[in-house]
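Below is target.cif, holding mmCIF, C-alpha atoms and all ligand atoms.
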data_upload
loop_
_atom_site.label_atom_id
_atom_site.label_comp_id
_atom_site.auth_asym_id
_atom_site.auth_seq_id
_atom_site.Cartn_x
_atom_site.Cartn_y
_atom_site.Cartn_z
CA MET K 297 25.48 5.89 -16.61
CA ALA K 298 22.57 3.51 -16.06
CA LYS K 299 19.38 4.40 -17.89
CA PRO K 300 16.63 5.86 -15.71
CA VAL K 301 13.83 3.44 -14.80
CA TRP K 302 10.44 4.07 -13.16
CA TYR K 303 10.00 2.20 -9.88
CA PRO K 304 6.84 2.05 -7.78
CA ALA K 305 7.63 4.11 -4.67
CA ALA K 306 4.25 3.98 -2.92
CA THR K 307 0.64 3.18 -3.65
CA SER K 308 -1.52 6.25 -4.23
CA LYS K 309 -3.39 5.37 -1.02
CA GLU K 310 -0.22 5.37 1.07
CA LEU K 311 0.59 8.94 0.13
CA GLY K 312 -1.94 11.12 1.91
CA ARG K 313 -1.66 14.73 3.09
CA ALA K 314 1.38 14.16 5.27
CA PRO K 315 4.86 13.73 3.80
CA LEU K 316 5.93 10.11 3.56
CA GLY K 317 9.52 9.03 4.23
CA ILE K 318 10.51 5.93 2.30
CA ALA K 319 13.54 3.74 1.72
CA PHE K 320 14.12 3.65 -2.03
CA LEU K 321 17.05 2.11 -3.90
CA GLY K 322 19.37 2.48 -0.95
CA GLN K 323 18.46 6.11 -0.21
CA ARG K 324 15.89 7.86 1.96
CA LEU K 325 13.31 9.85 -0.01
CA VAL K 326 10.41 11.98 1.04
CA LEU K 327 7.22 11.89 -1.01
CA PHE K 328 4.67 14.64 -0.65
CA ARG K 329 1.73 16.11 -2.49
CA GLY K 330 2.14 19.68 -3.69
CA LYS K 331 -0.54 21.98 -5.10
CA GLY K 332 -3.41 20.06 -6.68
CA GLY K 333 -2.22 16.85 -4.98
CA VAL K 334 0.58 16.38 -7.51
CA PRO K 335 3.17 14.03 -5.97
CA SER K 336 6.81 14.88 -5.68
CA ALA K 337 9.93 13.00 -4.55
CA LEU K 338 12.91 14.65 -2.87
CA LEU K 339 15.96 13.30 -1.16
CA ASP K 340 14.93 13.15 2.50
CA ARG K 341 17.59 15.58 3.61
CA CYS K 342 17.23 19.27 4.21
CA PRO K 343 19.99 21.18 2.39
CA HIS K 344 20.19 23.56 5.36
CA ARG K 345 21.35 21.35 8.24
CA GLY K 346 20.49 17.88 7.04
CA VAL K 347 17.32 17.13 8.99
CA SER K 348 14.81 14.63 7.53
CA LEU K 349 12.28 16.60 5.52
CA SER K 350 9.79 13.75 6.03
CA LEU K 351 9.42 14.97 9.64
CA GLY K 352 8.10 18.27 8.29
CA GLU K 353 4.73 19.28 6.92
CA VAL K 354 3.18 20.51 3.70
CA ARG K 355 2.42 24.24 3.75
CA ASP K 356 0.84 25.95 0.75
CA GLY K 357 1.90 23.10 -1.50
CA ASP K 358 5.54 23.26 -0.41
CA LEU K 359 7.36 21.00 2.03
CA ALA K 360 8.45 22.77 5.20
CA CYS K 361 11.43 21.43 7.16
CA PRO K 362 10.57 20.84 10.84
CA TYR K 363 13.76 22.52 12.15
CA HIS K 364 14.01 26.08 10.79
CA GLY K 365 11.05 25.92 8.47
CA TRP K 366 12.84 26.29 5.16
CA ARG K 367 10.40 25.39 2.41
CA PHE K 368 10.91 23.43 -0.77
CA GLY K 369 8.74 23.21 -3.87
CA THR K 370 7.90 20.04 -5.75
CA ASP K 371 10.95 20.65 -7.96
CA GLY K 372 13.13 20.83 -4.82
CA ARG K 373 13.89 24.52 -5.04
CA CYS K 374 13.95 26.47 -1.79
CA THR K 375 10.97 28.82 -1.82
CA LEU K 376 11.15 30.38 1.63
CA ILE K 377 13.52 30.93 4.57
CA PRO K 378 11.32 32.18 7.41
CA SER K 379 14.20 33.87 9.26
CA ALA K 380 15.67 35.61 6.21
CA SER K 381 15.52 39.40 6.23
CA ASN K 382 13.76 41.05 3.34
CA ALA K 383 17.16 42.46 2.45
CA GLU K 384 18.74 39.01 2.07
CA PRO K 385 18.93 37.79 -1.53
CA LYS K 386 16.55 34.98 -2.51
CA PRO K 387 17.91 31.52 -1.64
CA LYS K 388 19.48 29.51 -4.45
CA CYS K 389 19.70 26.14 -2.70
CA ALA K 390 17.58 23.11 -3.54
CA ALA K 391 16.73 19.69 -2.20
CA THR K 392 17.60 16.93 -4.67
CA ALA K 393 14.47 16.10 -6.68
CA PHE K 394 13.65 12.93 -8.57
CA PRO K 395 11.11 12.70 -11.41
CA CYS K 396 7.83 11.45 -9.95
CA VAL K 397 4.47 10.65 -11.53
CA GLU K 398 1.23 9.14 -10.34
CA ALA K 399 -0.47 6.68 -12.67
CA GLN K 400 -2.94 3.82 -12.24
CA GLY K 401 -2.98 4.12 -8.46
CA THR K 402 0.80 4.00 -8.10
CA VAL K 403 3.33 6.71 -7.30
CA TRP K 404 6.36 6.08 -9.53
CA VAL K 405 9.80 7.57 -8.99
CA SER K 406 12.75 7.49 -11.37
CA SER K 407 15.90 5.60 -10.39
CA THR K 408 18.00 8.64 -11.35
CA GLN K 409 17.47 12.37 -11.58
CA GLU K 410 16.69 11.88 -15.28
CA ARG K 411 13.17 11.13 -16.46
CA PRO K 412 12.67 7.73 -18.16
CA GLU K 413 11.48 7.99 -21.77
CA GLN K 414 8.36 5.87 -21.52
CA ALA K 415 5.47 6.45 -19.14
CA PRO K 416 5.08 3.74 -16.47
CA SER K 417 2.08 1.44 -16.68
CA TRP K 418 0.58 -1.77 -15.37
CA PRO K 419 -0.26 -4.29 -18.15
CA ARG K 420 -4.03 -4.52 -18.94
CA VAL K 421 -5.05 -2.41 -15.95
CA GLY K 422 -7.89 -0.13 -17.02
CA GLU K 423 -8.43 -1.91 -20.35
CA PRO K 424 -12.02 -2.74 -21.31
CA GLY K 425 -13.19 -6.08 -19.92
CA TYR K 426 -10.43 -6.25 -17.30
CA ARG K 427 -10.71 -5.86 -13.54
CA ASP K 428 -7.77 -5.73 -11.23
CA VAL K 429 -6.65 -6.10 -7.63
CA GLU K 430 -3.59 -4.66 -5.97
CA LEU K 431 -1.26 -6.28 -3.45
CA LEU K 432 1.79 -4.98 -1.64
CA ASN K 433 4.42 -7.02 0.16
CA ARG K 434 7.69 -6.34 1.86
CA ILE K 435 10.25 -9.09 1.84
CA GLU K 436 13.54 -9.07 3.69
CA CYS K 437 15.65 -10.30 0.82
CA PRO K 438 17.48 -8.79 -2.16
CA GLN K 439 15.45 -7.84 -5.26
CA LEU K 440 17.13 -10.51 -7.38
CA GLN K 441 15.71 -13.32 -5.25
CA VAL K 442 12.19 -11.94 -5.68
CA VAL K 443 12.31 -11.69 -9.47
CA GLN K 444 13.84 -15.16 -9.69
CA ASN K 445 11.08 -16.56 -7.51
CA PHE K 446 8.40 -15.19 -9.83
CA VAL K 447 9.77 -17.01 -12.90
CA ASP K 448 10.52 -20.20 -11.00
CA CYS K 449 7.84 -22.75 -11.94
CA ALA K 450 9.61 -25.70 -10.30
CA HIS K 451 8.81 -24.58 -6.76
CA THR K 452 5.09 -24.05 -7.32
CA GLY K 453 4.00 -27.69 -6.97
CA ILE K 454 6.08 -28.12 -3.81
CA LEU K 455 6.01 -24.89 -1.81
CA HIS K 456 2.43 -24.06 -2.92
CA ARG K 457 1.28 -27.69 -3.13
CA GLY K 458 -2.48 -27.98 -3.33
CA LEU K 459 -3.05 -24.27 -3.56
CA PHE K 460 -1.77 -23.88 -7.03
CA ARG K 461 -0.42 -27.11 -8.41
CA GLY K 462 0.09 -30.69 -7.35
CA GLU K 463 3.55 -32.23 -7.10
CA PRO K 464 5.50 -32.29 -10.39
CA SER K 465 4.10 -35.12 -12.55
CA LYS K 466 3.80 -34.07 -16.17
CA GLU K 467 6.67 -33.72 -18.65
CA ILE K 468 6.58 -30.26 -20.21
CA ARG K 469 8.82 -28.27 -22.50
CA ALA K 470 9.73 -24.67 -21.85
CA HIS K 471 10.93 -22.39 -24.62
CA VAL K 472 13.18 -19.78 -23.02
CA GLU K 473 14.65 -16.64 -24.60
CA LEU K 474 17.27 -14.33 -23.16
CA THR K 475 17.66 -10.82 -24.56
CA PRO K 476 19.16 -7.59 -23.20
CA GLU K 477 15.60 -6.59 -22.20
CA GLY K 478 15.08 -9.69 -20.07
CA VAL K 479 13.80 -13.26 -20.29
CA ALA K 480 10.69 -14.66 -21.93
CA SER K 481 9.57 -18.22 -21.40
CA GLU K 482 6.57 -20.18 -22.55
CA ASN K 483 5.54 -23.63 -21.39
CA PHE K 484 4.23 -26.26 -23.77
CA GLY K 485 2.33 -29.34 -22.69
CA GLU K 486 1.30 -27.77 -19.41
CA THR K 487 -2.03 -29.03 -18.20
CA ASN K 488 -4.23 -26.81 -16.12
CA PRO K 489 -2.80 -26.18 -12.71
CA THR K 490 -4.76 -28.32 -10.29
CA GLY K 491 -5.00 -26.05 -7.27
CA LEU K 492 -8.15 -24.98 -5.51
CA LEU K 493 -8.90 -21.65 -7.14
CA VAL K 494 -7.79 -22.70 -10.56
CA ARG K 495 -10.24 -25.62 -10.55
CA LEU K 496 -12.96 -23.08 -10.00
CA LEU K 497 -11.82 -20.96 -12.90
CA GLN K 498 -11.50 -23.48 -15.60
CA ARG K 499 -14.58 -24.84 -17.24
CA GLY K 500 -14.51 -27.41 -19.99
CA ASN K 501 -11.23 -28.99 -20.90
CA GLY K 502 -9.60 -26.29 -23.00
CA GLY K 503 -5.86 -26.05 -22.60
CA VAL K 504 -3.95 -23.40 -20.78
CA ARG K 505 -1.38 -21.06 -22.27
CA HIS K 506 1.23 -19.83 -19.82
CA THR K 507 4.08 -17.38 -20.30
CA ASP K 508 6.50 -15.78 -17.84
CA THR K 509 8.29 -12.59 -18.81
CA PHE K 510 11.03 -10.82 -16.91
CA ARG K 511 11.71 -7.24 -17.92
CA ALA K 512 14.97 -6.09 -16.40
CA PRO K 513 15.57 -4.89 -13.84
CA HIS K 514 12.38 -5.30 -11.83
CA THR K 515 9.25 -6.60 -13.55
CA VAL K 516 7.82 -10.09 -13.87
CA GLU K 517 4.63 -10.61 -15.84
CA VAL K 518 2.92 -13.99 -15.58
CA ASN K 519 0.16 -14.66 -18.11
CA TYR K 520 -2.39 -17.47 -18.13
CA TRP K 521 -4.96 -17.79 -20.89
CA TRP K 522 -7.80 -20.29 -20.88
CA GLY K 523 -9.28 -19.55 -24.28
CA GLU K 524 -10.61 -16.01 -24.01
CA ARG K 525 -10.15 -15.92 -20.28
CA HIS K 526 -7.04 -14.17 -19.17
CA LEU K 527 -5.20 -13.68 -15.89
CA VAL K 528 -2.08 -11.54 -15.82
CA THR K 529 -0.11 -11.04 -12.62
CA THR K 530 2.51 -8.33 -12.78
CA SER K 531 4.93 -7.79 -9.93
CA ILE K 532 7.38 -4.93 -9.82
CA SER K 533 10.05 -5.17 -7.15
CA THR K 534 11.54 -2.01 -5.70
CA PRO K 535 14.64 -2.47 -3.57
CA GLU K 536 14.41 -0.44 -0.37
CA THR K 537 17.99 -1.40 0.41
CA ALA K 538 20.35 -4.11 -0.82
CA THR K 539 18.60 -6.56 1.50
CA THR K 540 14.92 -5.53 1.64
CA THR K 541 12.43 -5.30 -1.21
CA ARG K 542 8.93 -3.94 -1.66
CA VAL K 543 6.87 -5.94 -4.12
CA TYR K 544 4.01 -4.16 -5.87
CA THR K 545 1.60 -6.55 -7.57
CA ARG K 546 -1.36 -6.04 -9.86
CA ILE K 547 -3.54 -8.89 -10.98
CA ALA K 548 -5.65 -8.03 -14.01
CA MET K 549 -8.29 -10.51 -15.09
CA LYS K 550 -10.88 -11.00 -17.76
CA PHE K 551 -13.25 -13.80 -16.85
CA GLY K 552 -16.59 -12.30 -17.81
CA LEU K 553 -19.33 -13.56 -15.51
CA LEU K 554 -16.86 -15.10 -13.10
CA ASP K 555 -15.21 -11.74 -12.33
CA PRO K 556 -17.18 -10.92 -9.16
CA LEU K 557 -16.32 -14.32 -7.66
CA LEU K 558 -12.71 -13.98 -8.69
CA LEU K 559 -12.34 -10.50 -7.32
CA ILE K 560 -13.32 -11.84 -3.90
CA ALA K 561 -11.24 -15.01 -4.05
CA ILE K 562 -8.05 -13.88 -5.68
CA ARG K 563 -6.73 -11.60 -2.99
CA PRO K 564 -6.65 -14.08 -0.06
CA PHE K 565 -5.48 -16.79 -2.45
CA THR K 566 -2.55 -14.74 -3.73
CA ALA K 567 -1.76 -13.36 -0.28
CA ARG K 568 -1.42 -16.94 0.99
CA ILE K 569 0.94 -17.82 -1.87
CA PHE K 570 3.04 -14.70 -1.18
CA GLN K 571 3.20 -15.58 2.51
CA GLN K 572 4.66 -18.97 1.61
CA ASP K 573 7.16 -17.36 -0.76
CA LYS K 574 8.13 -14.66 1.75
CA ARG K 575 9.01 -17.19 4.43
CA ILE K 576 11.25 -19.13 2.07
CA LEU K 577 12.86 -16.08 0.44
CA GLU K 578 13.76 -14.61 3.82
CA ASP K 579 15.30 -17.89 4.91
CA GLN K 580 17.14 -18.11 1.59
CA ALA K 581 18.52 -14.58 2.07
CA ARG K 582 19.91 -15.49 5.48
CA GLN K 583 21.42 -18.68 4.07
CA LEU K 584 23.02 -16.88 1.12
CA ALA K 585 24.53 -14.39 3.56
CA ARG K 586 25.84 -17.22 5.74
CA TYR K 587 27.33 -19.15 2.84
CA PRO K 588 28.05 -16.50 0.21
CA ASP K 589 30.61 -18.53 -1.73
CA ALA K 590 28.94 -21.93 -1.61
CA PRO K 591 28.40 -23.40 -5.09
CA ARG K 592 24.83 -23.89 -6.22
CA ALA K 593 23.54 -26.92 -8.07
CA SER K 594 20.96 -26.53 -10.82
CA SER K 595 18.71 -28.65 -12.99
CA ALA K 596 17.05 -27.97 -16.38
CA ALA K 597 14.01 -26.34 -14.75
CA ASP K 598 16.27 -23.60 -13.38
CA LEU K 599 17.10 -22.10 -16.78
CA PRO K 600 14.66 -19.15 -16.51
CA CYS K 601 16.06 -18.30 -13.05
CA LEU K 602 19.66 -18.50 -14.26
CA TRP K 603 18.95 -16.27 -17.24
CA VAL K 604 17.02 -13.82 -15.09
CA GLU K 605 20.10 -13.54 -12.91
CA GLU K 606 22.23 -12.80 -15.97
CA ALA K 607 19.84 -10.16 -17.36
CA HIS K 608 19.37 -8.62 -13.92
CA ARG K 609 23.11 -8.35 -13.38
CA ALA K 610 23.61 -6.76 -16.82
CA ALA K 611 20.90 -4.20 -16.01
CA THR K 612 21.99 -3.33 -12.48
CA GLU K 613 25.76 -3.77 -12.23
CA PRO K 614 27.78 -1.20 -14.16
CA ASP K 615 30.71 -3.56 -14.76
CA ALA K 616 28.65 -6.62 -15.71
CA ALA K 617 29.06 -8.18 -19.15
CA PRO K 618 26.27 -7.28 -21.58
CA VAL K 619 23.76 -10.03 -22.31
CA SER K 620 24.42 -12.13 -25.38
CA PRO K 621 20.99 -13.24 -26.61
CA ARG K 622 20.20 -16.94 -26.47
CA VAL K 623 17.28 -19.28 -27.02
CA LYS K 624 16.86 -22.73 -25.54
CA ASP K 625 14.20 -25.38 -24.98
CA VAL K 626 14.31 -27.35 -21.75
CA GLN K 627 12.26 -30.30 -20.59
CA TYR K 628 11.21 -30.86 -17.02
CA LYS K 629 8.30 -32.04 -14.87
CA LEU K 630 5.61 -29.68 -13.69
S1 LIG H 701 17.65 21.87 8.92
FE1 LIG H 701 16.02 22.17 7.59
S2 LIG H 701 15.52 24.21 7.85
FE2 LIG H 701 17.26 23.99 9.09
FE FE H 702 5.93 -18.91 -5.27
#
Let's see the structure in the file written out as structure tokens.
Amino acid sequence: MAKPVWYPAATSKELGRAPLGIAFLGQRLVLFRGKGGVPSALLDRCPHRGVSLSLGEVRDGDLACPYHGWRFGTDGRCTLIPSASNAEPKPKCAATAFPCVEAQGTVWVSSTQERPEQAPSWPRVGEPGYRDVELLNRIECPQLQVVQNFVDCAHTGILHRGLFRGEPSKEIRAHVELTPEGVASENFGETNPTGLLVRLLQRGNGGVRHTDTFRAPHTVEVNYWWGERHLVTTSISTPETATTTRVYTRIAMKFGLLDPLLLIAIRPFTARIFQQDKRILEDQARQLARYPDAPRASSAADLPCLWVEEAHRAATEPDAAPVSPRVKDVQYKL
């Protein structure tokens, strides 16, 4: 059986007092806050007659079904049947519960009924010297396309021309590693990106260090260092269904005196970039559905995307071949 993995299921802000019905990994779940505001995730299906529990309400820390009022605790167990006689034995039924934790402003739910070993966390968020912003996007495309997009440097100078980079012009070398955990790539010879915001950030002519890391099945971490200055953008993609994906993003930054300026500028800047990506990814999803068997051409710059596909498949498809680790350097223009 696949190992359990924490997925972002909602932002802490999205989950208020009312139960929240969500699409999560191809199922419907209901999130709600029990006693003390502790979040809980249940299958959104009443074990009595199947009604959506997300249409109900929270009563005394339990979730009450809107139909006959059966109540369920945060562990899913039925705690009350309003119509049951005092003589009737206590109910034994339960709604299916999934491990759920709230950390760093995110409500995380396990992909299975087992609890993942490690606690979930956003890189650098909350560390001294770092500030962060949060973004949330919904894209009508499969998860794989999203994670491939985030490691795909070759589109940045074209689709995001001017915002982020200019058209490809400089020969660079990328060192790419594939392991069962995912893909790590580092670019060498990359000059500073030339887009609007980035020109503001960089002072002096120090070089840039840039790495992209995919951690299967759902996380892409993009790091830029300019000397001591650091910008790390982490995106975790949660499939709602096989064809729609919610993308949770945290950008953590350490720029010292520039932080206040950055905190204002980075959100609209990144939102614009995501808008451009969303439009293309949704078109690509429709095209892939129209021409599912059409061969795809690739060039050297596509290696990270191809290896991400391999690692993603190994992590998400039970019958897929395990990853055999590889390392390769590729040269292309950025
Ligand atoms: S269907 Fe939920 S209580 Fe009857
Ligand atoms: Fe992009």
Margin query: What residues of the protein or nucleic acid chains come within 9 Å of ligand FE 702 (chain H) when you use only C-alpha atoms and all ligand atoms? Reply as a ChimeraX atom specification.
Written below: /K:445-449,451-452,455-456,569-574
Item checked: Contacts of ligand LIG 701 (chain H), 12 Å or closer, only C-alpha atoms and all ligand atoms, given as a ChimeraX atom specification -> /K:340-353,359-368,374-380,389-391
Checklist line | For atom CA of Ser465 of chain K and atom CA of Ala567 of chain K, the interatomic separation in Å (one decimal) | finding: 25.7 Å
Check: In Å, with one decimal, what is the gap from atom CA of Leu558 of chain K to atom CA of Thr545 of chain K?
Finding: 16.2 Å
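The spacing separating atom CA of Gln627 of chain K from atom CA of Leu440 of chain K amounts to 24.3 Å.
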For segment 374-484 of chain K against segment 549-556 of chain K, with a cut-off of 10 Å and counting all atoms listed in the file, what is the closest atom pair and its distance in Å to one decimal for every residue that makes the cut, ordered by chain and number, as a tab-separated table?
residue	atom	partner	partner_atom	distance
K:Arg420	CA	K:Met549	CA	8.3
K:Val421	CA	K:Met549	CA	8.8
K:Glu423	CA	K:Lys550	CA	9.8
K:Pro424	CA	K:Lys550	CA	9.1
K:Gly425	CA	K:Lys550	CA	5.8
K:Tyr426	CA	K:Lys550	CA	4.8
K:Arg427	CA	K:Met549	CA	5.5
K:Asp428	CA	K:Met549	CA	6.2
K:Val429	CA	K:Met549	CA	8.8
Please produce a file of the residues just selected, as a PDB file, in the coordinates of the input, where the atoms kept are C-alpha atoms.
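Written out: out39.pdb:
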ATOM      1  CA  ARG K 420      -4.030  -4.520 -18.940  1.00  0.00           C
ATOM      2  CA  VAL K 421      -5.050  -2.410 -15.950  1.00  0.00           C
ATOM      3  CA  GLU K 423      -8.430  -1.910 -20.350  1.00  0.00           C
ATOM      4  CA  PRO K 424     -12.020  -2.740 -21.310  1.00  0.00           C
ATOM      5  CA  GLY K 425     -13.190  -6.080 -19.920  1.00  0.00           C
ATOM      6  CA  TYR K 426     -10.430  -6.250 -17.300  1.00  0.00           C
ATOM      7  CA  ARG K 427     -10.710  -5.860 -13.540  1.00  0.00           C
ATOM      8  CA  ASP K 428      -7.770  -5.730 -11.230  1.00  0.00           C
ATOM      9  CA  VAL K 429      -6.650  -6.100  -7.630  1.00  0.00           C
TER      10      VAL K 429
END
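Those residues that approach segment 297-305 of chain K to within 6 Å, counting only C-alpha atoms, are Val403, Trp404, Val405, Ser406, Ser407, Thr408 and Pro412 of chain K; same-chain residues fewer than 6 positions away are not listed.
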Based on the selection just made, write C-alpha atoms of those residues as a PDB file, in the coordinates of the input.
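Full text of out11.pdb as output:
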ATOM      1  CA  VAL K 403       3.330   6.710  -7.300  1.00  0.00           C
ATOM      2  CA  TRP K 404       6.360   6.080  -9.530  1.00  0.00           C
ATOM      3  CA  VAL K 405       9.800   7.570  -8.990  1.00  0.00           C
ATOM      4  CA  SER K 406      12.750   7.490 -11.370  1.00  0.00           C
ATOM      5  CA  SER K 407      15.900   5.600 -10.390  1.00  0.00           C
ATOM      6  CA  THR K 408      18.000   8.640 -11.350  1.00  0.00           C
ATOM      7  CA  PRO K 412      12.670   7.730 -18.160  1.00  0.00           C
TER       8      PRO K 412
END
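For Leu584 of chain K, the set of protein, DNA and RNA residues having any atom at most 12 Å away, when counting only C-alpha atoms and skipping those fewer than 6 positions along the same chain, is Cys437, Pro438, Gln441, Thr539, Leu577, Glu578, Ala590, Pro591 and Arg592 of chain K.
Distance annotation: of K:Thr475, K:Gln439, K:Thr402, K:Thr487, the residue with the minimal separation from Arg461 of chain K is K:Thr487; atom set is only C-alpha atoms.
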